[in-house]
Amino acid sequence: MSLVIADRGRARMPILTQEGAIPAEVYASEELAHWLQQMTGAPFERVVASHESIPPAGIVVGQGSVARKLFPEVPFDRLGAEEIVILSKGRYLLLAGGRPRGTLYAVYQFLQRYGGIRWFAPWATLVPKRRTFRLNPVRVQESPAFEYREPFWYPAFDGDWAARNCVNGHRPSLTEKHGGKVEYVGFVHTFYWLVPPEQYFEKHPEWYSLIDGKRQWEKAQLCCTNPQLREFLVERVRQILRENPQAQIISISQNDWKGACQCDACRAIDEREGTPCGSVLDMVNYIAERLEKEFPHVAFDTLAYWYTRKPTRTLRPRPNVIIRLCSIECSFAQPLEHPMNKDFADDIRGWSERSQRLYVWDYTTNFNHYILPHPNYFVLGANVRFFHRHGVRGLFEQGAYQSHGAEMAELRAWVLAQLMWNPYQDDGKLIDEFLKGYYGAAAPHIKRAMGRFAERAKDSRMGCFIQPKDAPYLDLETLTYAEQNWERAEQAVRHDPERLWRVQIGRLPIWYAWLVKWESLQEEARQKGKGWAPAPSRKALAQRWLERALAPGPQGWTPITHVNEWGTTPQKFVESLEAP
């Protein structure tokens, strides 16, 4: 028997909240009422019910006494912190889950799966209008595929967007009403945060790397085998964790450069283990073991990154130690299982065999040029599935994190968020759904441009710092094809101001590519006898680009401030084009 939630614009069942609800469960009922009204046009009453007085029908939100009485078959006390239950029975619908976030996620998953609502960006929500809303019998009990989920893209930092897309990472503005998030302390590259050399090097040079026979701290690391340093770190980490009781993970991780210690003790472990990660992991294991009884809820995180990426031979991370493996050397035009990325694929398999809590730090943008076509769109799904199949429990997908306006930022953030919940969805369908919902009638033209970029890039090595001159997909023919399709995209939505703005912002990467490759593209056009597509002059195109980049947008948007990780502003970028 189907449940009638709304009929011809009238609500047919109240939303039942329960005594003892935590803030995230109260907020879940508020969100449910809001979005159901947006969908059906009907105001939904929120009623605080008790097990002694239960209405004859209702949507039960949370795991209180009413839920337990109506749904005794649900193992509420054994639900995971983010596990959800969507269950219909008789004239009742249960939306509940573990604490703190399960119930909120159950509401959002219900609205997405059965209501068709999509939160594409903080300024772009799709709400299908349906005055009558009927629900066939449903029974869902599941947890997200990854315990830590962070699409590290600037639009994804909005707390409401993050919660609605079931993202729980460290950076988004997730508060108590959202059920909080996974709280890191330190986050990454913390050696000198933990042991500042300006404070300790003079007194304890032996705590820092021995390099070519000399203790140093510049472009160096810590001497991970030094027993006094280890004791200092135990106390330092203990103090930090006591000052940050909300912390679930603390990072004890190498600086963002090389400079590993070459002392006899460090070298002995590293040679035995076949990787400079050996001495680092040995130290982190020591700290984690010393502190695990006092902080049983805390994990101790360290990197397998760059020179420490290779897995150890015999040393195993303790159960409360997270290895965060980084893919920075890979080519991102191909899936990570592609032969071009064999070394990384071998490393993830090796760490998967050794680590009980393996996280991945993956890269999904071009840090040298945020606003440049970076055709990794169609490998994202394959990579997330690869991670999940190899036991990865936490996933950090680093994108353009300093500004709006990066190429396809909203698409990547949304698609990755969906895949982090369930990586076995059809990522091609997710991309199509986003393009249609976000860009409307312009979607087919944009999809064709994306497909041409990806096809042109598929055999090339595309790193996360690739320069335009090294990108074969930024040739004259491909950019001309893209330019033509984005022009058609603008024309397709010219009477839809909201989507026209989105298309115009989305076109900025195409113009950016013309601008940074102006001379070489002109020469290519001259040699091939081709016409010239973008504008009569570089200066004219640059001004059009700058005006769009700095123009205001919808609520939730701020004008572009960074065109790369190094902080170049749009104004400085345009000025650089005129420099001799």
# chains A, B, ... in the order shown; residues from 1 in each chain; ligands from 1
call {"tool": "select_by_dssp", "arguments": {"residues": "region 110-348 of chain A", "states": "helix (DSSP H, G or I)", "output": "VMD selection string"}}
result
chain A and resid 110 to 113 154 to 157 159 to 164 176 to 178 191 to 194 197 to 200 205 to 207 227 to 243 264 to 273 277 to 291 306 to 308 339 to 348
call {"tool": "write_last_selection", "arguments": {"atoms": "C-alpha atoms", "output": "CSV table (one decimal), in the first residue's frame"}}
result
chain,number,residue,atom,x,y,z
A,110,PHE,CA,14.7,10.5,1.2
A,111,LEU,CA,14.2,13.9,-0.3
A,112,GLN,CA,16.8,13.2,-3.0
A,113,ARG,CA,15.9,9.6,-3.9
A,154,TYR,CA,35.2,26.0,-2.6
A,155,PRO,CA,31.5,25.7,-3.3
A,156,ALA,CA,31.4,22.6,-1.0
A,157,PHE,CA,32.5,24.6,2.1
A,159,GLY,CA,27.6,24.0,5.6
A,160,ASP,CA,24.0,23.6,4.4
A,161,TRP,CA,25.2,22.3,1.0
A,162,ALA,CA,27.6,19.9,2.6
A,163,ALA,CA,25.0,18.5,5.0
A,164,ARG,CA,22.4,18.2,2.3
A,176,GLU,CA,25.8,21.3,15.8
A,177,LYS,CA,22.5,21.5,13.9
A,178,HIS,CA,24.2,19.6,11.0
A,191,PHE,CA,55.9,18.5,12.1
A,192,TYR,CA,56.9,22.1,12.6
A,193,TRP,CA,53.5,23.0,14.1
A,194,LEU,CA,54.1,20.4,16.7
A,197,PRO,CA,62.1,25.0,15.0
A,198,GLU,CA,62.3,28.7,16.0
A,199,GLN,CA,61.5,27.6,19.5
A,200,TYR,CA,63.4,24.3,19.8
A,205,PRO,CA,69.1,20.4,17.1
A,206,GLU,CA,69.1,16.6,17.5
A,207,TRP,CA,65.3,16.6,17.2
A,227,PRO,CA,63.7,9.1,22.1
A,228,GLN,CA,63.6,12.5,23.8
A,229,LEU,CA,61.7,14.0,20.8
A,230,ARG,CA,59.2,11.1,21.0
A,231,GLU,CA,58.5,11.7,24.6
A,232,PHE,CA,58.1,15.4,23.9
A,233,LEU,CA,55.6,14.6,21.2
A,234,VAL,CA,53.6,12.3,23.4
A,235,GLU,CA,53.1,15.2,25.9
A,236,ARG,CA,52.6,17.8,23.1
A,237,VAL,CA,49.9,15.7,21.4
A,238,ARG,CA,48.3,14.9,24.8
A,239,GLN,CA,48.1,18.7,25.6
A,240,ILE,CA,46.6,19.4,22.2
A,241,LEU,CA,44.0,16.7,22.5
A,242,ARG,CA,43.0,17.8,26.0
A,243,GLU,CA,42.5,21.4,24.6
A,264,ASP,CA,71.9,5.9,11.7
A,265,ALA,CA,68.7,5.1,13.6
A,266,CYS,CA,66.3,6.6,11.1
A,267,ARG,CA,68.2,5.2,8.2
A,268,ALA,CA,68.2,1.7,9.7
A,269,ILE,CA,64.4,1.6,9.9
A,270,ASP,CA,63.9,3.2,6.5
A,271,GLU,CA,66.3,0.7,4.9
A,272,ARG,CA,64.7,-2.2,6.6
A,273,GLU,CA,61.2,-1.1,5.5
A,277,CYS,CA,57.9,6.2,5.7
A,278,GLY,CA,59.3,3.5,8.0
A,279,SER,CA,60.8,5.8,10.6
A,280,VAL,CA,57.8,8.2,10.5
A,281,LEU,CA,55.3,5.4,11.0
A,282,ASP,CA,57.4,3.9,13.7
A,283,MET,CA,57.2,7.2,15.6
A,284,VAL,CA,53.5,7.7,15.0
A,285,ASN,CA,52.8,4.1,16.1
A,286,TYR,CA,54.7,4.9,19.3
A,287,ILE,CA,52.7,8.0,20.0
A,288,ALA,CA,49.4,6.3,19.2
A,289,GLU,CA,50.1,3.4,21.5
A,290,ARG,CA,51.0,5.7,24.4
A,291,LEU,CA,47.9,7.8,24.1
A,306,TRP,CA,55.8,12.0,-2.2
A,307,TYR,CA,59.1,10.4,-0.8
A,308,THR,CA,57.2,8.4,1.9
A,339,PRO,CA,49.1,1.5,-16.7
A,340,MET,CA,50.3,5.1,-16.7
A,341,ASN,CA,49.5,5.1,-12.9
A,342,LYS,CA,50.8,1.7,-12.1
A,343,ASP,CA,53.2,2.8,-9.3
A,344,PHE,CA,50.4,4.5,-7.4
A,345,ALA,CA,48.0,1.6,-7.9
A,346,ASP,CA,50.6,-0.8,-6.6
A,347,ASP,CA,51.1,1.4,-3.5
A,348,ILE,CA,47.4,1.6,-2.7
call {"tool": "closest_residue", "arguments": {"among": "A:Phe146, A:Trp501, A:Tyr184, A:Tyr114", "to": "Gly405 (chain A)", "atoms": "only C-alpha atoms"}}
result
A:Trp501
call {"tool": "atom_distance", "arguments": {"atom1": "CA of Thr480 (chain A)", "atom2": "CA of Arg461 (chain A)"}}
result
22.1 Å
call {"tool": "residues_around", "arguments": {"residues": "region 35-45 of chain A", "least_positions_apart": "5", "cutoff": "6 Å", "atoms": "only C-alpha atoms", "output": "number ranges by chain"}}
result
A: 9-11, 14, 127, 129-131
call {"tool": "closest_atom_pairs", "arguments": {"of": "region 114-217 of chain A", "to": "region 438-453 of chain A", "cutoff": "9 Å", "atoms": "only C-alpha atoms", "output": "JSON lines"}}
result
{"residue": "A:Phe120", "atom": "CA", "partner": "A:Tyr438", "partner_atom": "CA", "distance": 7.0}
{"residue": "A:Ala121", "atom": "CA", "partner": "A:Tyr438", "partner_atom": "CA", "distance": 8.7}
{"residue": "A:Ala124", "atom": "CA", "partner": "A:Tyr438", "partner_atom": "CA", "distance": 7.0}
{"residue": "A:Thr125", "atom": "CA", "partner": "A:Tyr438", "partner_atom": "CA", "distance": 8.4}
{"residue": "A:Leu126", "atom": "CA", "partner": "A:Tyr438", "partner_atom": "CA", "distance": 8.2}
call {"tool": "write_last_selection", "arguments": {"atoms": "C-alpha atoms", "output": "mmCIF file, in the first residue's frame"}}
result
data_model
loop_
_atom_site.group_PDB
_atom_site.id
_atom_site.type_symbol
_atom_site.label_atom_id
_atom_site.label_comp_id
_atom_site.auth_asym_id
_atom_site.auth_seq_id
_atom_site.Cartn_x
_atom_site.Cartn_y
_atom_site.Cartn_z
ATOM 1 C CA PHE A 120 23.732 21.238 -6.996
ATOM 2 C CA ALA A 121 25.413 24.343 -5.527
ATOM 3 C CA ALA A 124 21.385 26.149 -7.332
ATOM 4 C CA THR A 125 18.698 23.813 -5.988
ATOM 5 C CA LEU A 126 16.372 21.758 -8.158
#
call {"tool": "closest_residue", "arguments": {"among": "A:Gly506, A:Pro75, A:Gly186, A:Gly98", "to": "Glu487 (chain A)", "atoms": "only C-alpha atoms"}}
result
A:Gly506
call {"tool": "select_by_dssp", "arguments": {"residues": "region 170-340 of chain A", "states": "strand (DSSP E or B)", "output": "tab-separated table (two decimals) with C-alpha atoms, in the first residue's frame"}}
result
chain	number	residue	atom	x	y	z
A	184	TYR	CA	40.86	17.10	12.50
A	185	VAL	CA	43.45	18.85	14.64
A	208	TYR	CA	65.63	17.70	13.51
A	210	LEU	CA	70.59	15.03	9.99
A	211	ILE	CA	71.32	15.82	6.33
A	214	LYS	CA	74.64	18.27	9.67
A	215	ARG	CA	71.56	18.85	11.79
A	222	LEU	CA	62.06	15.63	12.35
A	249	ILE	CA	41.82	12.81	14.29
A	250	ILE	CA	45.16	14.48	14.91
A	251	SER	CA	47.72	14.80	12.14
A	299	ALA	CA	42.95	8.41	15.42
A	300	PHE	CA	46.54	9.45	14.69
A	301	ASP	CA	47.00	10.42	11.05
A	302	THR	CA	50.19	10.47	9.00
A	303	LEU	CA	50.99	10.79	5.30
A	304	ALA	CA	52.23	8.40	2.68
A	321	VAL	CA	46.69	5.06	13.04
A	322	ILE	CA	45.48	6.42	9.71
A	323	ILE	CA	47.71	6.23	6.66
A	324	ARG	CA	46.74	9.04	4.27
A	325	LEU	CA	48.06	8.05	0.84
A	326	CYS	CA	48.49	10.83	-1.74
call {"tool": "residues_around", "arguments": {"residues": "region 526-535 of chain A", "least_positions_apart": "6", "cutoff": "12 Å", "atoms": "only C-alpha atoms", "output": "list in words"}}
result
Leu476, Glu477, Thr478, Leu479, Thr480, Tyr481, Ala482, Glu483, Gln484, Asn485, Trp486, Glu487, Arg507, Leu508, Ile510, Trp511, Tyr512, Ala513, Trp514, Leu515, Lys517, Trp518, Glu519, Ser520, Leu541, Ala542, Gln543, Arg544 and Trp545 of chain A
call {"tool": "write_last_selection", "arguments": {"atoms": "N, CA and C atoms", "output": "PDB file, in the first residue's frame"}}
result
ATOM      1  N   LEU A 476      44.381  24.354 -31.064  1.00  0.00           N
ATOM      2  CA  LEU A 476      43.473  25.264 -31.769  1.00  0.00           C
ATOM      3  C   LEU A 476      42.146  24.585 -32.112  1.00  0.00           C
ATOM      4  N   GLU A 477      42.220  23.393 -32.657  1.00  0.00           N
ATOM      5  CA  GLU A 477      40.992  22.716 -33.091  1.00  0.00           C
ATOM      6  C   GLU A 477      40.061  22.440 -31.916  1.00  0.00           C
ATOM      7  N   THR A 478      40.620  21.943 -30.803  1.00  0.00           N
ATOM      8  CA  THR A 478      39.791  21.603 -29.640  1.00  0.00           C
ATOM      9  C   THR A 478      39.197  22.849 -29.007  1.00  0.00           C
ATOM     10  N   LEU A 479      40.004  23.900 -28.868  1.00  0.00           N
ATOM     11  CA  LEU A 479      39.488  25.128 -28.264  1.00  0.00           C
ATOM     12  C   LEU A 479      38.451  25.804 -29.171  1.00  0.00           C
ATOM     13  N   THR A 480      38.655  25.727 -30.468  1.00  0.00           N
ATOM     14  CA  THR A 480      37.659  26.294 -31.382  1.00  0.00           C
ATOM     15  C   THR A 480      36.336  25.551 -31.252  1.00  0.00           C
ATOM     16  N   TYR A 481      36.408  24.236 -31.181  1.00  0.00           N
ATOM     17  CA  TYR A 481      35.195  23.425 -30.994  1.00  0.00           C
ATOM     18  C   TYR A 481      34.514  23.776 -29.675  1.00  0.00           C
ATOM     19  N   ALA A 482      35.302  23.915 -28.619  1.00  0.00           N
ATOM     20  CA  ALA A 482      34.735  24.271 -27.318  1.00  0.00           C
ATOM     21  C   ALA A 482      34.105  25.658 -27.355  1.00  0.00           C
ATOM     22  N   GLU A 483      34.798  26.603 -27.973  1.00  0.00           N
ATOM     23  CA  GLU A 483      34.285  27.973 -28.080  1.00  0.00           C
ATOM     24  C   GLU A 483      32.939  27.990 -28.790  1.00  0.00           C
ATOM     25  N   GLN A 484      32.848  27.256 -29.863  1.00  0.00           N
ATOM     26  CA  GLN A 484      31.591  27.221 -30.625  1.00  0.00           C
ATOM     27  C   GLN A 484      30.466  26.631 -29.786  1.00  0.00           C
ATOM     28  N   ASN A 485      30.758  25.588 -29.039  1.00  0.00           N
ATOM     29  CA  ASN A 485      29.710  24.952 -28.243  1.00  0.00           C
ATOM     30  C   ASN A 485      29.299  25.798 -27.052  1.00  0.00           C
ATOM     31  N   TRP A 486      30.240  26.494 -26.437  1.00  0.00           N
ATOM     32  CA  TRP A 486      29.854  27.378 -25.336  1.00  0.00           C
ATOM     33  C   TRP A 486      29.076  28.583 -25.845  1.00  0.00           C
ATOM     34  N   GLU A 487      29.364  29.042 -27.068  1.00  0.00           N
ATOM     35  CA  GLU A 487      28.551  30.109 -27.659  1.00  0.00           C
ATOM     36  C   GLU A 487      27.122  29.605 -27.889  1.00  0.00           C
ATOM     37  N   ARG A 507      31.975  29.472 -19.004  1.00  0.00           N
ATOM     38  CA  ARG A 507      32.739  29.707 -20.225  1.00  0.00           C
ATOM     39  C   ARG A 507      34.094  30.358 -19.952  1.00  0.00           C
ATOM     40  N   LEU A 508      34.275  30.915 -18.768  1.00  0.00           N
ATOM     41  CA  LEU A 508      35.531  31.615 -18.465  1.00  0.00           C
ATOM     42  C   LEU A 508      36.778  30.744 -18.663  1.00  0.00           C
ATOM     43  N   ILE A 510      37.347  28.554 -20.939  1.00  0.00           N
ATOM     44  CA  ILE A 510      37.669  28.507 -22.373  1.00  0.00           C
ATOM     45  C   ILE A 510      38.400  29.788 -22.770  1.00  0.00           C
ATOM     46  N   TRP A 511      37.877  30.904 -22.332  1.00  0.00           N
ATOM     47  CA  TRP A 511      38.544  32.172 -22.631  1.00  0.00           C
ATOM     48  C   TRP A 511      39.918  32.257 -21.962  1.00  0.00           C
ATOM     49  N   TYR A 512      40.021  31.733 -20.763  1.00  0.00           N
ATOM     50  CA  TYR A 512      41.324  31.714 -20.058  1.00  0.00           C
ATOM     51  C   TYR A 512      42.350  30.944 -20.902  1.00  0.00           C
ATOM     52  N   ALA A 513      41.921  29.832 -21.478  1.00  0.00           N
ATOM     53  CA  ALA A 513      42.839  29.047 -22.307  1.00  0.00           C
ATOM     54  C   ALA A 513      43.285  29.830 -23.533  1.00  0.00           C
ATOM     55  N   TRP A 514      42.353  30.519 -24.187  1.00  0.00           N
ATOM     56  CA  TRP A 514      42.746  31.362 -25.314  1.00  0.00           C
ATOM     57  C   TRP A 514      43.774  32.413 -24.868  1.00  0.00           C
ATOM     58  N   LEU A 515      43.527  33.024 -23.726  1.00  0.00           N
ATOM     59  CA  LEU A 515      44.392  34.113 -23.261  1.00  0.00           C
ATOM     60  C   LEU A 515      45.797  33.634 -22.944  1.00  0.00           C
ATOM     61  N   LYS A 517      47.344  31.048 -24.096  1.00  0.00           N
ATOM     62  CA  LYS A 517      48.032  30.456 -25.247  1.00  0.00           C
ATOM     63  C   LYS A 517      47.886  31.312 -26.503  1.00  0.00           C
ATOM     64  N   TRP A 518      47.639  32.576 -26.344  1.00  0.00           N
ATOM     65  CA  TRP A 518      47.287  33.454 -27.460  1.00  0.00           C
ATOM     66  C   TRP A 518      48.293  33.381 -28.616  1.00  0.00           C
ATOM     67  N   GLU A 519      49.564  33.600 -28.309  1.00  0.00           N
ATOM     68  CA  GLU A 519      50.556  33.657 -29.388  1.00  0.00           C
ATOM     69  C   GLU A 519      50.693  32.315 -30.100  1.00  0.00           C
ATOM     70  N   SER A 520      50.788  31.229 -29.340  1.00  0.00           N
ATOM     71  CA  SER A 520      50.986  29.926 -29.980  1.00  0.00           C
ATOM     72  C   SER A 520      49.760  29.506 -30.779  1.00  0.00           C
ATOM     73  N   LEU A 541      39.479  40.472 -25.308  1.00  0.00           N
ATOM     74  CA  LEU A 541      38.999  39.258 -24.661  1.00  0.00           C
ATOM     75  C   LEU A 541      39.308  39.279 -23.172  1.00  0.00           C
ATOM     76  N   ALA A 542      40.496  39.775 -22.814  1.00  0.00           N
ATOM     77  CA  ALA A 542      40.878  39.848 -21.403  1.00  0.00           C
ATOM     78  C   ALA A 542      39.916  40.730 -20.612  1.00  0.00           C
ATOM     79  N   GLN A 543      39.502  41.821 -21.192  1.00  0.00           N
ATOM     80  CA  GLN A 543      38.572  42.709 -20.506  1.00  0.00           C
ATOM     81  C   GLN A 543      37.208  42.064 -20.334  1.00  0.00           C
ATOM     82  N   ARG A 544      36.736  41.358 -21.357  1.00  0.00           N
ATOM     83  CA  ARG A 544      35.468  40.639 -21.239  1.00  0.00           C
ATOM     84  C   ARG A 544      35.571  39.574 -20.146  1.00  0.00           C
ATOM     85  N   TRP A 545      36.692  38.856 -20.152  1.00  0.00           N
ATOM     86  CA  TRP A 545      36.927  37.821 -19.136  1.00  0.00           C
ATOM     87  C   TRP A 545      36.919  38.428 -17.738  1.00  0.00           C
TER      88      TRP A 545
END
call {"tool": "residues_around", "arguments": {"residues": "Leu550 (chain A)", "least_positions_apart": "3", "cutoff": "12 Å", "atoms": "only C-alpha atoms", "output": "PyMOL selection string"}}
result
chain A and resi 403-405+505+508+543-547+553+557-563+569-571
call {"tool": "residues_around", "arguments": {"residues": "region 90-97 of chain A", "least_positions_apart": "6", "cutoff": "7 Å", "atoms": "only C-alpha atoms", "output": "ChimeraX atom specification"}}
result
/A:3,57-63,79,82-84,103,106-107
call {"tool": "atom_distance", "arguments": {"atom1": "CA of Asn136 (chain A)", "atom2": "CA of Lys89 (chain A)"}}
result
10.5 Å
call {"tool": "closest_residue", "arguments": {"among": "A:Pro311, A:Pro151, A:Gly179, A:Gly116", "to": "Val26 (chain A)", "atoms": "only C-alpha atoms"}}
result
A:Gly179
call {"tool": "atom_distance", "arguments": {"atom1": "CA of Phe396 (chain A)", "atom2": "CA of His170 (chain A)"}}
result
9.7 Å
call {"tool": "decode", "arguments": {"residues": "region 430-495 of chain A", "atoms": "C-alpha atoms", "output": "CSV table (one decimal), in the first residue's frame"}}
result
chain,number,residue,atom,x,y,z
A,430,LEU,CA,25.3,11.8,-12.4
A,431,ILE,CA,27.3,14.1,-14.8
A,432,ASP,CA,24.3,14.2,-17.2
A,433,GLU,CA,21.9,14.9,-14.4
A,434,PHE,CA,24.1,17.8,-13.1
A,435,LEU,CA,24.5,19.3,-16.5
A,436,LYS,CA,20.8,19.2,-17.3
A,437,GLY,CA,19.8,20.4,-13.9
A,438,TYR,CA,22.4,23.2,-13.6
A,439,TYR,CA,22.7,24.4,-17.2
A,440,GLY,CA,19.3,23.5,-18.6
A,441,ALA,CA,19.0,23.7,-22.4
A,442,ALA,CA,22.7,24.5,-22.6
A,443,ALA,CA,23.7,21.1,-21.3
A,444,PRO,CA,24.1,19.2,-24.6
A,445,HIS,CA,26.5,21.8,-25.9
A,446,ILE,CA,28.6,21.8,-22.8
A,447,LYS,CA,28.7,18.0,-22.7
A,448,ARG,CA,30.1,18.0,-26.2
A,449,ALA,CA,32.9,20.4,-25.3
A,450,MET,CA,33.7,18.3,-22.2
A,451,GLY,CA,33.8,15.1,-24.3
A,452,ARG,CA,36.1,16.6,-26.9
A,453,PHE,CA,38.6,17.8,-24.2
A,454,ALA,CA,38.5,14.4,-22.5
A,455,GLU,CA,39.0,12.5,-25.8
A,456,ARG,CA,42.0,14.7,-26.7
A,457,ALA,CA,43.6,14.3,-23.3
A,458,LYS,CA,43.1,10.5,-22.9
A,459,ASP,CA,46.6,9.5,-24.1
A,460,SER,CA,48.5,12.4,-22.5
A,461,ARG,CA,50.0,12.8,-19.0
A,462,MET,CA,47.9,15.3,-17.2
A,463,GLY,CA,49.3,16.1,-13.7
A,464,CYS,CA,47.7,18.4,-11.2
A,465,PHE,CA,50.3,21.2,-12.0
A,466,ILE,CA,50.2,20.9,-15.8
A,467,GLN,CA,51.1,24.0,-17.8
A,468,PRO,CA,49.1,25.0,-20.8
A,469,LYS,CA,52.0,24.5,-23.2
A,470,ASP,CA,52.2,20.8,-22.1
A,471,ALA,CA,48.4,20.2,-22.6
A,472,PRO,CA,47.7,18.7,-26.0
A,473,TYR,CA,43.9,19.2,-25.4
A,474,LEU,CA,44.4,22.9,-25.5
A,475,ASP,CA,45.2,23.0,-29.3
A,476,LEU,CA,43.5,25.3,-31.8
A,477,GLU,CA,41.0,22.7,-33.1
A,478,THR,CA,39.8,21.6,-29.6
A,479,LEU,CA,39.5,25.1,-28.3
A,480,THR,CA,37.7,26.3,-31.4
A,481,TYR,CA,35.2,23.4,-31.0
A,482,ALA,CA,34.7,24.3,-27.3
A,483,GLU,CA,34.3,28.0,-28.1
A,484,GLN,CA,31.6,27.2,-30.6
A,485,ASN,CA,29.7,25.0,-28.2
A,486,TRP,CA,29.9,27.4,-25.3
A,487,GLU,CA,28.6,30.1,-27.7
A,488,ARG,CA,25.7,27.8,-28.6
A,489,ALA,CA,25.2,27.1,-24.9
A,490,GLU,CA,24.8,30.8,-24.1
A,491,GLN,CA,22.3,31.2,-27.0
A,492,ALA,CA,20.3,28.2,-25.7
A,493,VAL,CA,19.6,29.9,-22.3
A,494,ARG,CA,19.6,33.5,-23.4
A,495,HIS,CA,16.0,33.9,-22.0
